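Trainee: One file is attached below, start.pdb, containing PDB, C-alpha atoms (C1' of nucleotides).
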```
ATOM      1  CA  MET A   1      54.372 103.684 124.920
ATOM      2  CA  SER A   2      51.489 105.924 123.940
ATOM      3  CA  ASN A   3      50.375 103.054 121.778
ATOM      4  CA  GLU A   4      49.560 101.126 124.888
ATOM      5  CA  ILE A   5      47.321 103.920 125.999
ATOM      6  CA  ARG A   6      45.598 104.044 122.663
ATOM      7  CA  ARG A   7      45.104 100.304 122.523
ATOM      8  CA  ASN A   8      43.490 100.333 125.919
ATOM      9  CA  MET A   9      41.443 103.424 125.304
ATOM     10  CA  ALA A  10      37.836 102.372 125.245
ATOM     11  CA  LEU A  11      35.990 103.994 122.412
ATOM     12  CA  PHE A  12      33.622 101.834 120.452
ATOM     13  CA  PRO A  13      30.123 100.807 121.407
ATOM     14  CA  ILE A  14      28.893  97.261 121.006
ATOM     15  CA  GLY A  15      27.437  97.968 117.579
ATOM     16  CA  ILE A  16      30.867  98.656 116.105
ATOM     17  CA  VAL A  17      32.381  95.696 117.878
ATOM     18  CA  MET A  18      29.680  93.468 116.436
ATOM     19  CA  LYS A  19      30.756  94.391 112.911
ATOM     20  CA  LEU A  20      34.431  94.135 113.741
ATOM     21  CA  THR A  21      34.192  90.705 115.330
ATOM     22  CA  ASP A  22      31.179  89.210 113.578
ATOM     23  CA  LEU A  23      29.783  88.349 116.976
ATOM     24  CA  THR A  24      26.246  89.165 118.068
ATOM     25  CA  ALA A  25      25.554  91.556 120.915
ATOM     26  CA  ARG A  26      24.141  88.575 122.774
ATOM     27  CA  GLN A  27      27.410  86.683 122.469
ATOM     28  CA  ILE A  28      29.533  89.654 123.433
ATOM     29  CA  ARG A  29      27.426  90.299 126.524
ATOM     30  CA  TYR A  30      27.462  86.631 127.367
ATOM     31  CA  TYR A  31      31.254  86.531 127.202
ATOM     32  CA  GLU A  32      31.369  89.566 129.410
ATOM     33  CA  GLN A  33      29.195  87.831 131.986
ATOM     34  CA  HIS A  34      31.768  85.091 132.058
ATOM     35  CA  GLU A  35      34.566  87.633 132.421
ATOM     36  CA  LEU A  36      36.190  86.772 129.121
ATOM     37  CA  VAL A  37      36.246  90.498 128.384
ATOM     38  CA  ILE A  38      35.653  93.434 130.712
ATOM     39  CA  PRO A  39      34.750  96.440 128.564
ATOM     40  CA  ALA A  40      34.682  99.849 130.189
ATOM     41  CA  ARG A  41      31.404 101.564 130.910
ATOM     42  CA  THR A  42      30.657 105.179 130.492
ATOM     43  CA  ASP A  43      27.872 107.698 130.443
ATOM     44  CA  GLY A  44      24.611 105.787 130.464
ATOM     45  CA  ASN A  45      26.002 102.359 131.327
ATOM     46  CA  GLN A  46      27.007 101.778 127.717
ATOM     47  CA  ARG A  47      29.844  99.366 127.088
ATOM     48  CA  LEU A  48      32.930 100.889 125.506
ATOM     49  CA  PHE A  49      35.457  98.522 123.966
ATOM     50  CA  SER A  50      39.135  99.211 123.320
ATOM     51  CA  PHE A  51      41.324  97.714 120.606
ATOM     52  CA  ASN A  52      42.534  95.230 123.167
ATOM     53  CA  ASP A  53      38.986  94.213 123.931
ATOM     54  CA  VAL A  54      38.306  93.695 120.230
ATOM     55  CA  GLU A  55      41.418  91.569 119.829
ATOM     56  CA  ARG A  56      40.444  89.583 122.862
ATOM     57  CA  LEU A  57      36.995  88.969 121.411
ATOM     58  CA  LEU A  58      38.584  87.819 118.169
ATOM     59  CA  GLU A  59      40.688  85.387 120.170
ATOM     60  CA  ILE A  60      37.589  84.145 121.949
ATOM     61  CA  LYS A  61      35.744  83.832 118.669
ATOM     62  CA  ALA A  62      38.581  81.773 117.215
ATOM     63  CA  LEU A  63      38.611  79.463 120.211
ATOM     64  CA  ILE A  64      34.834  79.074 120.175
ATOM     65  CA  GLU A  65      35.039  78.084 116.520
ATOM     66  CA  LYS A  66      37.638  75.526 117.489
ATOM     67  CA  GLY A  67      35.102  74.040 119.849
ATOM     68  CA  VAL A  68      36.548  75.370 123.093
ATOM     69  CA  ASN A  69      34.014  76.116 125.800
ATOM     70  CA  ILE A  70      33.880  79.121 128.108
ATOM     71  CA  ALA A  71      35.674  77.319 130.916
ATOM     72  CA  GLY A  72      38.443  76.318 128.555
ATOM     73  CA  ILE A  73      38.839  79.809 127.208
ATOM     74  CA  LYS A  74      38.991  81.205 130.720
ATOM     75  CA  GLN A  75      42.030  79.069 131.348
ATOM     76  CA  MET A  76      43.743  79.997 128.100
ATOM     77  CA  LEU A  77      43.210  83.741 128.291
ATOM     78  CA  LYS A  78      44.830  85.539 131.178
ATOM     79  CA  PRO A  79      42.363  87.219 133.513
ATOM     80  CA  VAL A  80      41.642  90.769 132.480
ATOM     81  CA  ASN A  81      43.018  93.641 134.508
ATOM     82  CA  ARG A  82      40.986  96.763 134.132
ATOM     83  CA  ASP A  83      43.071  99.628 135.470
ATOM     84  CA  SER A  84      41.648 102.716 133.901
ATOM     85  CA  GLU A  85      44.744 104.708 134.754
ATOM     86  CA  GLU A  86      47.623 102.307 135.316
ATOM     87  CA  ALA A  87      49.749 101.389 132.341
ATOM     88  CA  THR A  88      49.046  98.185 130.507
ATOM     89  CA  VAL A  89      50.754  95.112 131.869
ATOM     90  CA  ILE A  90      52.435  93.335 129.002
ATOM     91  CA  THR A  91      51.387  89.773 129.565
ATOM     92  CA  GLU A  92      52.602  86.749 127.685
ATOM     93  CA  GLN A  93      49.212  86.641 126.048
ATOM     94  CA  THR A  94      49.566  90.187 124.827
ATOM     95  CA  GLN A  95      52.890  89.360 123.246
ATOM     96  CA  ALA A  96      51.461  86.220 121.715
ATOM     97  CA  LYS A  97      48.671  88.231 120.144
ATOM     98  CA  ARG A  98      51.176  90.652 118.680
ATOM     99  CA  ARG A  99      52.766  87.785 116.798
ATOM    100  CA  GLU A 100      49.520  86.810 115.149
ATOM    101  CA  LEU A 101      47.830  90.169 114.730
ATOM    102  CA  SER A 102      50.091  93.169 114.278
ATOM    103  CA  ASP A 103      48.858  96.700 114.610
ATOM    104  CA  ALA A 104      49.128  97.141 110.873
ATOM    105  CA  GLN A 105      46.991  94.107 110.216
ATOM    106  CA  LEU A 106      44.402  95.192 112.732
ATOM    107  CA  HIS A 107      44.215  98.684 111.304
ATOM    108  CA  ARG A 108      43.931  97.294 107.820
ATOM    109  CA  MET A 109      41.120  94.992 108.883
ATOM    110  CA  LEU A 110      39.307  97.770 110.665
ATOM    111  CA  LYS A 111      39.580 100.106 107.701
ATOM    112  CA  GLN A 112      38.372  97.422 105.348
ATOM    113  CA  GLN A 113      35.336  96.523 107.384
ATOM    114  CA  LEU A 114      34.433 100.042 108.352
ATOM    115  CA  THR A 115      34.873 101.280 104.803
ATOM    116  CA  GLU A 116      32.311  98.969 103.308
ATOM    117  CA  ARG A 117      29.626 101.012 104.990
ATOM    118  CA  ARG A 118      27.082 103.314 103.479
ATOM    119  CA  PRO A 119      28.566 106.716 102.534
ATOM    120  CA  GLY A 120      26.414 108.489 105.070
ATOM    121  CA  GLN A 121      27.530 106.496 108.092
ATOM    122  CA  VAL A 122      31.178 106.220 107.179
ATOM    123  CA  SER A 123      32.097 109.664 108.404
ATOM    124  CA  LEU A 124      30.798 108.918 111.863
ATOM    125  CA  ILE A 125      32.724 105.699 112.254
ATOM    126  CA  GLN A 126      35.913 107.076 110.733
ATOM    127  CA  GLY A 127      35.609 109.970 113.097
ATOM    128  CA  GLU A 128      35.855 107.572 116.000
ATOM    129  CA  LEU A 129      38.896 105.855 114.536
ATOM    130  CA  SER A 130      40.622 109.048 113.454
ATOM    131  CA  ARG A 131      42.431 109.416 116.749
ATOM    132  CA  PHE A 132      44.236 106.159 116.001
ATOM    133  CA  PHE A 133      45.517 107.284 112.644
ATOM    134  CA  GLN A 134      46.973 110.527 113.951
TER
ATOM    135  C1'  DT B   1      18.294 105.067 117.110
ATOM    136  C1'  DT B   2      21.266 102.330 119.767
ATOM    137  C1'  DT B   3      22.206  99.877 123.803
ATOM    138  C1'  DC B   4      20.946  97.720 128.436
ATOM    139  C1'  DT B   5      19.172  93.996 131.611
ATOM    140  C1'  DG B   6      16.345  90.180 132.416
ATOM    141  C1'  DA B   7      13.848  86.287 130.912
ATOM    142  C1'  DC B   8      11.973  82.530 128.130
ATOM    143  C1'  DA B   9      11.110  79.450 123.698
TER
ATOM    144  C1'  DT C   1      22.023  81.718 121.218
ATOM    145  C1'  DG C   2      18.003  84.193 119.410
ATOM    146  C1'  DT C   3      14.653  87.332 120.559
ATOM    147  C1'  DC C   4      11.182  90.153 122.999
ATOM    148  C1'  DA C   5       9.965  93.503 126.659
ATOM    149  C1'  DG C   6      10.457  98.005 128.737
ATOM    150  C1'  DG C   7      13.791 101.688 129.886
ATOM    151  C1'  DA C   8      17.473 105.043 129.440
TER
END
```
Please, can you express the file's structure as structure tokens?

Mentor:
Amino acid sequence: MSNEIRRNMALFPIGIVMKLTDLTARQIRYYEQHELVIPARTDGNQRLFSFNDVERLLEIKALIEKGVNIAGIKQMLKPVNRDSEEATVITEQTQAKRRELSDAQLHRMLKQQLTERRPGQVSLIQGELSRFFQ
DNA sequence: TTTCTGACA
DNA sequence: TGTCAGGA
């Protein structure tokens, strides 16, 4: 159950998400405008994405590459519920994602991509992810 | 330095 | 979508 909390815990800024998803900030913001993802906001109006947001963006990216437009994606992906406190609602979509991208795979992918960074910046990024490897 | 919004080629 | 401006 605590995994749900962790998966929905917003913690990375757009810069990290860009590397994780291979999307540009422009694209990510554009998708947000169209409500494909609703990242949390904190402090100075900065977007903070959770693991779920990242997975959602990867789904969007995959669909875009398949030639699906925004309208089409809106219909395929369930509308996002952003309850900062309420528990995560396990939607059919969520379960579908689990089948394709398990936690282990996601973690592995994250490690891989975040590891190929310059030695100096690695510590910072790993520090952000550390809470997920507890 | 990084991210944000708005706007235009 | 890319990119620049002007702020936070």

Trainee: Return the neighbours of chain A among the residues of chain C, cut-off 10 Å, counting only C-alpha atoms (C1' of nucleotides), as a VMD selection string.

Mentor: chain C and resid 1 to 3 8

Trainee: Please produce a file of those selected residues containing C-alpha atoms (C1' of nucleotides), as a PDB file, in the frame of the given file.

Mentor:
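Just written: part_0.pdb:
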```pdb
ATOM      1  C1'  DT C   1      22.023  81.718 121.218  1.00  0.00           C
ATOM      2  C1'  DG C   2      18.003  84.193 119.410  1.00  0.00           C
ATOM      3  C1'  DT C   3      14.653  87.332 120.559  1.00  0.00           C
ATOM      4  C1'  DA C   8      17.473 105.043 129.440  1.00  0.00           C
TER       5       DA C   8
END
```

Trainee: Need the neighbours of (17.6, 105.5, 126.3): which residues are at most 12 Å away, counting only C-alpha atoms (C1' of nucleotides), as a ChimeraX atom specification?

Mentor: /A:43-46 /B:1-4 /C:6-8

Trainee: For stretch 3-8 of chain B, I'd like the enclosing box, axis-aligned and padded by 5 Å on every side, reported as lines of an AutoDock Vina configuration file with centre and edge lengths in Å to one decimal.

Mentor:
```
center_x = 17.1
center_y = 91.2
center_z = 128.1
size_x = 20.2
size_y = 27.3
size_z = 18.6
```

Trainee: With distances taken over all atoms listed in the file, which of A:Met9, A:Gln33, A:Gln75, A:Leu58 is nearest to B:DT5?

Mentor: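 Closest candidate: A:Gln33.
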
Trainee: Residues picked by the PyMOL selection byres ((chain A and resi 12) around 7) here, as a list in words?

Mentor: Ala10, Leu11, Pro13, Ile14, Ile16, Val17, Leu48, Phe49 and Ser50 of chain A

Trainee: For chain B, which residue out of A:Ala25, A:Leu110, A:Ile70, A:Ile60 is the nearest one, using only C-alpha atoms (C1' of nucleotides)?

Mentor: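 Residue with the minimum atom-to-atom distance to chain B: A:Ala25.
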
Trainee: Once the PyMOL selection byres ((chain B and resi 7) around 12) has been applied to the shown file, what residues remain in the selection, as a list of chain:residue names?

Mentor: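 On this input, the PyMOL selection byres ((chain B and resi 7) around 12) captures B:DT5, B:DG6, B:DC8, B:DA9, C:DT3, C:DC4, C:DA5.
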
Trainee: Rank nothing, just name the residue among A:Ile28, A:Arg47, A:Val37, A:Arg6 nearest to chain B, using only C-alpha atoms (C1' of nucleotides).

Mentor: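 The answer is A:Arg47, which sits nearest to chain B.
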
Trainee: Interatomic distance between atom CA of A:Lys74 and atom CA of A:Gly15?

Mentor: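 Result for atom CA of A:Lys74 versus atom CA of A:Gly15: 24.2 Å, one decimal.
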
Trainee: In Å, with one decimal, what is the gap from atom CA of A:Asp53 to atom CA of A:Val68?

Mentor: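 Atom CA of A:Val68 lies at a distance of 19.0 Å from atom CA of A:Asp53.
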